[in-house]
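Asks: Hey, dropping model05.cif in here, mmCIF, C-alpha atoms:
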```cif
data_work
#
loop_
_atom_site.label_atom_id
_atom_site.label_comp_id
_atom_site.auth_asym_id
_atom_site.auth_seq_id
_atom_site.Cartn_x
_atom_site.Cartn_y
_atom_site.Cartn_z
CA GLY A 1 0.00 0.00 0.00
CA GLU A 2 0.85 3.66 -0.10
CA ASN A 3 3.42 5.09 2.30
CA VAL A 4 4.00 8.81 2.73
CA GLU A 5 7.13 10.26 4.30
CA GLN A 6 7.46 13.88 5.35
CA HIS A 7 10.36 16.14 6.36
CA PRO A 8 11.19 17.95 8.50
CA SER A 9 9.19 16.88 11.52
CA THR A 10 9.61 20.33 13.09
CA LEU A 11 10.38 23.64 11.46
CA SER A 12 10.91 27.07 12.97
CA VAL A 13 11.12 30.18 10.81
CA GLN A 14 11.17 33.89 11.42
CA GLU A 15 8.06 35.81 10.48
CA GLY A 16 8.32 36.86 6.85
CA ASP A 17 10.64 34.04 5.85
CA SER A 18 9.64 31.11 3.67
CA ALA A 19 8.90 27.59 4.84
CA VAL A 20 9.30 24.45 2.76
CA ILE A 21 7.97 21.01 3.66
CA LYS A 22 8.84 17.98 1.56
CA CYS A 23 7.05 14.67 1.12
CA THR A 24 7.63 11.47 -0.77
CA TYR A 25 5.17 8.74 -1.65
CA SER A 26 5.62 5.14 -2.69
CA ASP A 27 2.67 4.19 -4.91
CA SER A 28 3.08 5.45 -8.45
CA ALA A 29 -0.68 4.97 -8.95
CA SER A 30 -1.51 7.75 -6.49
CA ASN A 31 -2.70 10.78 -8.40
CA TYR A 32 -4.05 13.24 -5.88
CA PHE A 33 -2.05 14.99 -3.18
CA PRO A 34 -3.77 17.22 -0.63
CA TRP A 35 -2.14 19.28 2.10
CA TYR A 36 -3.89 19.76 5.41
CA LYS A 37 -3.25 22.28 8.16
CA GLN A 38 -4.17 21.26 11.68
CA GLU A 39 -4.22 23.69 14.55
CA LEU A 40 -4.06 22.32 18.06
CA GLY A 41 -7.21 20.39 18.96
CA LYS A 42 -8.89 21.12 15.64
CA ARG A 43 -9.75 19.25 12.47
CA PRO A 44 -7.38 18.90 9.53
CA GLN A 45 -8.29 21.62 7.04
CA LEU A 46 -7.50 21.35 3.37
CA ILE A 47 -5.27 24.25 2.33
CA ILE A 48 -4.21 23.23 -1.16
CA ASP A 49 -4.15 20.14 -3.34
CA ILE A 50 -2.56 19.04 -6.57
CA ARG A 51 -3.38 16.41 -9.12
CA SER A 52 -0.84 14.36 -10.97
CA ASN A 53 -1.44 16.03 -14.31
CA VAL A 54 -0.19 19.31 -12.82
CA GLY A 55 3.37 20.15 -11.81
CA GLU A 56 2.73 23.22 -9.71
CA LYS A 57 -0.18 25.05 -8.15
CA LYS A 58 -0.26 28.33 -6.28
CA ASP A 59 -2.81 29.99 -4.04
CA GLN A 60 -1.67 33.36 -2.68
CA ARG A 61 1.22 32.64 -0.27
CA ILE A 62 0.97 28.87 -0.63
CA ALA A 63 2.32 26.79 -3.48
CA VAL A 64 2.71 23.08 -4.06
CA THR A 65 4.98 21.33 -6.53
CA LEU A 66 4.82 17.74 -7.69
CA ASN A 67 7.49 15.60 -9.32
CA LYS A 68 5.76 12.40 -10.41
CA THR A 69 8.92 10.80 -11.71
CA ALA A 70 10.69 11.17 -8.39
CA LYS A 71 7.47 10.66 -6.42
CA HIS A 72 7.87 13.69 -4.28
CA PHE A 73 5.90 16.85 -3.64
CA SER A 74 6.51 19.96 -1.62
CA LEU A 75 4.63 22.74 0.12
CA HIS A 76 6.00 26.26 0.01
CA ILE A 77 4.71 29.02 2.25
CA THR A 78 6.06 32.50 1.56
CA GLU A 79 5.95 35.55 3.81
CA THR A 80 5.08 33.42 6.81
CA GLN A 81 2.90 34.85 9.55
CA PRO A 82 2.41 33.73 13.17
CA GLU A 83 -1.02 32.36 12.27
CA ASP A 84 0.67 29.92 9.90
CA SER A 85 1.94 28.10 12.99
CA ALA A 86 0.32 24.65 12.98
CA VAL A 87 0.97 21.04 12.07
CA TYR A 88 0.97 20.45 8.33
CA PHE A 89 0.21 17.06 6.86
CA CYS A 90 0.88 15.99 3.32
CA ALA A 91 -1.19 13.12 1.98
CA ALA A 92 -1.70 10.91 -1.04
CA LEU A 93 -4.86 9.36 -2.32
CA GLU A 94 -4.80 5.68 -3.09
CA THR A 95 -7.16 5.78 -6.02
CA SER A 96 -7.78 2.06 -6.00
CA TYR A 97 -8.77 2.11 -2.34
CA ASP A 98 -10.38 5.50 -1.94
CA LYS A 99 -8.48 6.43 1.19
CA VAL A 100 -6.13 9.25 2.04
CA ILE A 101 -2.76 8.21 3.46
CA PHE A 102 -1.25 10.92 5.61
CA GLY A 103 2.38 11.74 6.22
CA PRO A 104 3.59 12.01 9.84
CA GLY A 105 3.24 15.79 9.91
CA THR A 106 5.46 18.85 10.25
CA SER A 107 5.07 21.16 13.21
CA LEU A 108 5.69 24.68 11.89
CA SER A 109 6.42 27.52 14.28
CA VAL A 110 6.57 31.06 12.95
CA ILE A 111 8.45 33.29 15.35
CA PRO A 112 7.29 36.92 15.46
CA GLU B 113 -15.31 24.83 3.20
CA PRO B 114 -18.38 22.51 3.48
CA GLU B 115 -19.23 21.49 7.04
CA VAL B 116 -19.24 17.96 8.40
CA THR B 117 -20.56 17.76 11.96
CA GLN B 118 -19.80 15.20 14.64
CA THR B 119 -21.23 14.31 18.02
CA PRO B 120 -20.27 14.09 20.78
CA SER B 121 -17.25 16.37 20.86
CA HIS B 122 -15.87 14.43 23.83
CA GLN B 123 -16.62 10.94 25.14
CA VAL B 124 -15.23 9.28 28.24
CA THR B 125 -15.90 5.58 28.70
CA GLN B 126 -14.77 2.61 30.72
CA MET B 127 -12.68 -0.10 29.10
CA GLY B 128 -14.93 -2.81 27.66
CA GLN B 129 -17.86 -0.50 27.09
CA GLU B 130 -19.44 0.16 23.72
CA VAL B 131 -19.32 3.62 22.17
CA ILE B 132 -21.06 5.08 19.16
CA LEU B 133 -19.64 8.11 17.42
CA ARG B 134 -21.92 10.06 15.11
CA CYS B 135 -21.32 12.09 12.00
CA VAL B 136 -23.60 14.15 9.81
CA PRO B 137 -21.97 14.43 6.40
CA ILE B 138 -22.50 17.22 3.92
CA SER B 139 -25.57 16.77 1.74
CA ASN B 140 -24.73 15.35 -1.70
CA HIS B 141 -21.37 14.15 -0.40
CA LEU B 142 -22.03 10.42 -0.53
CA TYR B 143 -18.61 8.99 0.26
CA PHE B 144 -17.88 8.74 3.97
CA TYR B 145 -14.76 7.98 5.94
CA TRP B 146 -13.53 7.51 9.47
CA TYR B 147 -10.02 8.38 10.55
CA ARG B 148 -8.39 8.40 13.95
CA GLN B 149 -5.52 10.41 15.40
CA ILE B 150 -3.75 9.31 18.54
CA LEU B 151 -2.48 12.33 20.45
CA GLY B 152 0.59 13.80 18.79
CA GLN B 153 0.55 11.35 15.91
CA LYS B 154 -0.59 11.38 12.31
CA VAL B 155 -4.10 10.88 11.02
CA GLU B 156 -4.78 7.20 10.24
CA PHE B 157 -7.37 5.83 7.85
CA LEU B 158 -9.94 3.45 9.36
CA VAL B 159 -12.70 2.84 6.83
CA SER B 160 -14.46 4.19 3.76
CA PHE B 161 -18.18 3.73 3.09
CA TYR B 162 -20.26 4.21 -0.02
CA ASN B 163 -23.69 3.07 -1.13
CA ASN B 164 -24.37 1.51 2.28
CA GLU B 165 -21.34 -0.71 2.32
CA ILE B 166 -17.71 -0.63 3.30
CA SER B 167 -15.48 0.02 0.30
CA GLU B 168 -12.15 -0.18 2.08
CA LYS B 169 -10.86 -0.70 5.61
CA SER B 170 -7.48 -0.68 7.28
CA GLU B 171 -5.90 -3.25 9.54
CA ILE B 172 -6.88 -1.06 12.49
CA PHE B 173 -10.56 -1.60 11.66
CA ASP B 174 -10.96 -5.04 13.21
CA ASP B 175 -14.06 -6.93 14.37
CA GLN B 176 -14.53 -4.52 17.27
CA PHE B 177 -15.38 -1.74 14.83
CA SER B 178 -18.46 -1.31 12.68
CA VAL B 179 -20.03 1.46 10.63
CA GLU B 180 -23.51 2.10 9.41
CA ARG B 181 -25.81 4.77 8.12
CA PRO B 182 -28.97 3.92 10.03
CA ASP B 183 -31.31 6.68 8.92
CA GLY B 184 -29.96 8.00 5.67
CA SER B 185 -28.32 11.00 7.25
CA ASN B 186 -26.17 10.06 10.25
CA PHE B 187 -23.06 7.98 9.70
CA THR B 188 -21.91 6.11 12.80
CA LEU B 189 -18.79 4.38 14.03
CA LYS B 190 -19.30 1.79 16.75
CA ILE B 191 -16.58 0.33 18.92
CA ARG B 192 -18.04 -2.73 20.63
CA SER B 193 -15.63 -3.28 23.49
CA THR B 194 -13.29 -0.35 23.94
CA LYS B 195 -9.64 -0.78 24.85
CA LEU B 196 -7.27 1.72 26.39
CA GLU B 197 -5.47 2.05 23.06
CA ASP B 198 -8.70 3.18 21.38
CA SER B 199 -8.24 6.55 23.08
CA ALA B 200 -7.82 9.01 20.24
CA MET B 201 -9.49 11.73 18.23
CA TYR B 202 -11.87 10.25 15.68
CA PHE B 203 -12.59 12.25 12.54
CA CYS B 204 -15.38 11.69 10.08
CA ALA B 205 -14.85 12.91 6.52
CA ALA B 206 -17.02 13.18 3.43
CA SER B 207 -16.47 13.64 -0.27
CA ARG B 208 -18.45 13.63 -3.49
CA GLY B 209 -16.35 10.84 -4.91
CA GLU B 210 -13.88 13.37 -6.18
CA GLU B 211 -10.65 13.50 -4.34
CA THR B 212 -11.33 16.27 -1.86
CA GLN B 213 -12.33 15.03 1.57
CA TYR B 214 -13.72 17.40 4.17
CA PHE B 215 -13.17 16.60 7.82
CA GLY B 216 -15.52 17.03 10.75
CA PRO B 217 -14.38 18.61 14.03
CA GLY B 218 -13.69 15.24 15.61
CA THR B 219 -14.73 13.31 18.70
CA ARG B 220 -12.14 12.97 21.43
CA LEU B 221 -12.53 9.50 22.93
CA LEU B 222 -10.93 8.67 26.26
CA VAL B 223 -11.02 5.09 27.47
CA LEU B 224 -10.30 4.62 31.17
#
```
Kindly return the structure encoded in the file as structure tokens.

Replies:
Amino acid sequence: GENVEQHPSTLSVQEGDSAVIKCTYSDSASNYFPWYKQELGKRPQLIIDIRSNVGEKKDQRIAVTLNKTAKHFSLHITETQPEDSAVYFCAALETSYDKVIFGPGTSLSVIP
Amino acid sequence: EPEVTQTPSHQVTQMGQEVILRCVPISNHLYFYWYRQILGQKVEFLVSFYNNEISEKSEIFDDQFSVERPDGSNFTLKIRSTKLEDSAMYFCAASRGEETQYFGPGTRLLVL
């Protein structure tokens, strides 16, 4: 089955700097890759997603890139703000099994 | 973002007791899922449900777990005889069969 790895596990950046989180997946059949933001005690919230027929997608300060050949994808947050502090999970959809496999998460701290 | 609702928000139970967690998915989102998240860990897939039957389940979803949609609106997860290690946050999610899954606020289950 699908396995998703994520790095780093913790990340601290100064406000205004960029943050990059990287993930790899194992199943070449996966074709949908969402990113979720989870604040303490709250639900995972979808912040951006990318499909395998797209190499890059951007939404304001957030961008995601996908390299299908290498089976890795990344989240980029520019001009970070304290409210970006949260745990970020990358994920991959196993299309044959209709389930989302999550990475282990990255705890992002944005220091004012 | 569409809203999935869950009840109760918190549940405390004694080991060996049965618990039922409830979810009200978004209307016209007919694919349902349960995930769990042990404190400080990643979100883990439990089961997916479509057209009144399980479409996929993980190794976590053993005979102690069951799901049903008893009245056409609520979607429930039952744990027949709870164990200490069942203590976790349980998230319901829904989708329209496209890739995007929307998560409910979760039920925090504590087994004593």

Asks: Please determine, counting all atoms listed in the file, which residue among A:Tyr36, A:Pro44, A:Thr24, A:Leu66 has the shortest atom-to-atom distance to B:Val116.

Replies: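 Ranking A:Tyr36, A:Pro44, A:Thr24, A:Leu66 by distance to B:Val116, first place goes to A:Pro44.
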
Asks: Sort by chain and increasing residue number a table of all residues of chain A within 9 Å of chain B, each with its closest pair of atoms and their distance in Å to one decimal, counting all atoms listed in the file, and write it as a tab-separated table.

Replies:
```
residue	atom	partner	partner_atom	distance
A:Tyr32	CA	B:Glu211	CA	6.8
A:Phe33	CA	B:Glu211	CA	8.8
A:Pro34	CA	B:Thr212	CA	7.7
A:Gly41	CA	B:Pro217	CA	8.9
A:Lys42	CA	B:Pro217	CA	6.2
A:Arg43	CA	B:Pro217	CA	4.9
A:Pro44	CA	B:Phe215	CA	6.5
A:Gln45	CA	B:Phe215	CA	7.0
A:Leu46	CA	B:Tyr214	CA	7.4
A:Asp49	CA	B:Thr212	CA	8.3
A:Phe89	CA	B:Lys154	CA	7.9
A:Leu93	CA	B:Glu211	CA	7.4
A:Thr95	CA	B:Glu211	CA	8.6
A:Tyr97	CA	B:Glu168	CA	6.0
A:Asp98	CA	B:Ser160	CA	7.1
A:Lys99	CA	B:Phe157	CA	6.8
A:Val100	CA	B:Phe157	CA	6.9
A:Ile101	CA	B:Phe157	CA	6.8
A:Phe102	CA	B:Val155	CA	6.1
A:Gly103	CA	B:Lys154	CA	6.8
A:Pro104	CA	B:Lys154	CA	4.9
A:Gly105	CA	B:Lys154	CA	6.3
```

Asks: For the residues in the current selection, export C-alpha atoms as a tab-separated table (two decimals), in the frame of the given file.

Replies:
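Output file out-v8.tsv follows:
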```tsv
chain	number	residue	atom	x	y	z
A	32	TYR	CA	-4.05	13.24	-5.88
A	33	PHE	CA	-2.05	14.99	-3.18
A	34	PRO	CA	-3.77	17.22	-0.63
A	41	GLY	CA	-7.21	20.39	18.96
A	42	LYS	CA	-8.89	21.12	15.64
A	43	ARG	CA	-9.75	19.25	12.47
A	44	PRO	CA	-7.38	18.90	9.53
A	45	GLN	CA	-8.29	21.62	7.04
A	46	LEU	CA	-7.50	21.35	3.37
A	49	ASP	CA	-4.15	20.14	-3.34
A	89	PHE	CA	0.21	17.06	6.86
A	93	LEU	CA	-4.86	9.36	-2.32
A	95	THR	CA	-7.16	5.78	-6.02
A	97	TYR	CA	-8.77	2.11	-2.34
A	98	ASP	CA	-10.38	5.50	-1.94
A	99	LYS	CA	-8.48	6.43	1.19
A	100	VAL	CA	-6.13	9.25	2.04
A	101	ILE	CA	-2.76	8.21	3.46
A	102	PHE	CA	-1.25	10.92	5.61
A	103	GLY	CA	2.38	11.74	6.22
A	104	PRO	CA	3.59	12.01	9.84
A	105	GLY	CA	3.24	15.79	9.91
```

Asks: Here is a test: counting all atoms listed in the file, which residue of B:Leu221, B:Pro120, B:Asn164, B:Ile132 is nearest to B:Gly184?

Replies: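 Comparing B:Leu221, B:Pro120, B:Asn164, B:Ile132 against B:Gly184, the winner is B:Asn164.
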
Asks: Running the PyMOL selection byres ((chain A and resi 13) around 10) on this model by hand, what would come out? Give it as a PyMOL selection string.

Replies: chain A and resi 11-12+14-19+80-82+85+108-112

Asks: On this structure, the PyMOL selection byres ((chain A and resi 57-62) around 9) would catch which residues? List them as a PyMOL selection string, sorted by chain and number.

Replies: chain A and resi 47-50+54-56+63-66+75-80

Asks: So that I have them on file, write out the residues from the current selection with C-alpha atoms, as a PDB file, keeping the file's coordinate frame.

Replies:
```
ATOM      1  CA  ILE A  47      -5.270  24.250   2.330  1.00  0.00           C
ATOM      2  CA  ILE A  48      -4.210  23.230  -1.160  1.00  0.00           C
ATOM      3  CA  ASP A  49      -4.150  20.140  -3.340  1.00  0.00           C
ATOM      4  CA  ILE A  50      -2.560  19.040  -6.570  1.00  0.00           C
ATOM      5  CA  VAL A  54      -0.190  19.310 -12.820  1.00  0.00           C
ATOM      6  CA  GLY A  55       3.370  20.150 -11.810  1.00  0.00           C
ATOM      7  CA  GLU A  56       2.730  23.220  -9.710  1.00  0.00           C
ATOM      8  CA  ALA A  63       2.320  26.790  -3.480  1.00  0.00           C
ATOM      9  CA  VAL A  64       2.710  23.080  -4.060  1.00  0.00           C
ATOM     10  CA  THR A  65       4.980  21.330  -6.530  1.00  0.00           C
ATOM     11  CA  LEU A  66       4.820  17.740  -7.690  1.00  0.00           C
ATOM     12  CA  LEU A  75       4.630  22.740   0.120  1.00  0.00           C
ATOM     13  CA  HIS A  76       6.000  26.260   0.010  1.00  0.00           C
ATOM     14  CA  ILE A  77       4.710  29.020   2.250  1.00  0.00           C
ATOM     15  CA  THR A  78       6.060  32.500   1.560  1.00  0.00           C
ATOM     16  CA  GLU A  79       5.950  35.550   3.810  1.00  0.00           C
ATOM     17  CA  THR A  80       5.080  33.420   6.810  1.00  0.00           C
TER      18      THR A  80
END
```

Asks: For a quick check of understanding, using all atoms listed in the file, which of B:Leu222, B:Arg208, B:Val136, B:Val124 has the smallest distance to B:Leu189?

Replies: B:Val136

Asks: Might I get the box with edges along x, y and z of the file that holds all atoms of stretch 36-53 of chain A listed there, padded by 8 Å on every side, given as centre and edge lengths in Å to one decimal, as JSON?

Replies:
```
{"center_x": -5.3, "center_y": 19.3, "center_z": 2.3, "size_x": 24.9, "size_y": 25.9, "size_z": 49.3}
```

Asks: Could you please determine the separation between atom CA of A:Pro8 and atom CA of A:Cys23 in Å, to one decimal place?

Replies: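 Answer for the atom CA of A:Pro8 to atom CA of A:Cys23 separation: 9.1 Å.
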
Asks: Would you compute the distance between atom CA of A:Gln38 and atom CA of B:His122? Give it in Å to one decimal.

Replies: 18.2 Å

Asks: One number please: atom CA of A:His72 to atom CA of B:Phe173, in Å, one decimal.

Replies: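 Answer for the atom CA of A:His72 to atom CA of B:Phe173 separation: 28.8 Å.
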
Asks: Can you tell me, as a list in words, what residues are no more than 12 Å from B:Pro182 when counting all atoms listed in the file, ignoring any on the same chain fewer than 3 positions away?

Replies: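 Using all atoms listed in the file, the neighbours found are Arg134, Cys135, Val136, Asn164, Glu165, Val179, Ser185, Asn186, Phe187, Thr188, Leu189 and Lys190 of chain B.
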
Asks: Could you write out that same residue set with C-alpha atoms as a compact mmCIF listing (two decimals), keeping the file's coordinate frame?

Replies:
```
# COMPACT_ATOMS: atom_id res chain seq x y z
CA ARG B 134 -21.92 10.06 15.11
CA CYS B 135 -21.32 12.09 12.00
CA VAL B 136 -23.60 14.15 9.81
CA ASN B 164 -24.37 1.51 2.28
CA GLU B 165 -21.34 -0.71 2.32
CA VAL B 179 -20.03 1.46 10.63
CA SER B 185 -28.32 11.00 7.25
CA ASN B 186 -26.17 10.06 10.25
CA PHE B 187 -23.06 7.98 9.70
CA THR B 188 -21.91 6.11 12.80
CA LEU B 189 -18.79 4.38 14.03
CA LYS B 190 -19.30 1.79 16.75
```

Asks: Which residues are near B:Ile138? Cut-off 9 Å, all atoms listed in the file, ignore same chain within fewer than 6 positions. Put them as a list in words.

Replies: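 The residues that qualify are Pro114, Glu115, Val116, Thr117, Ala206, Ser207 and Tyr214 of chain B.
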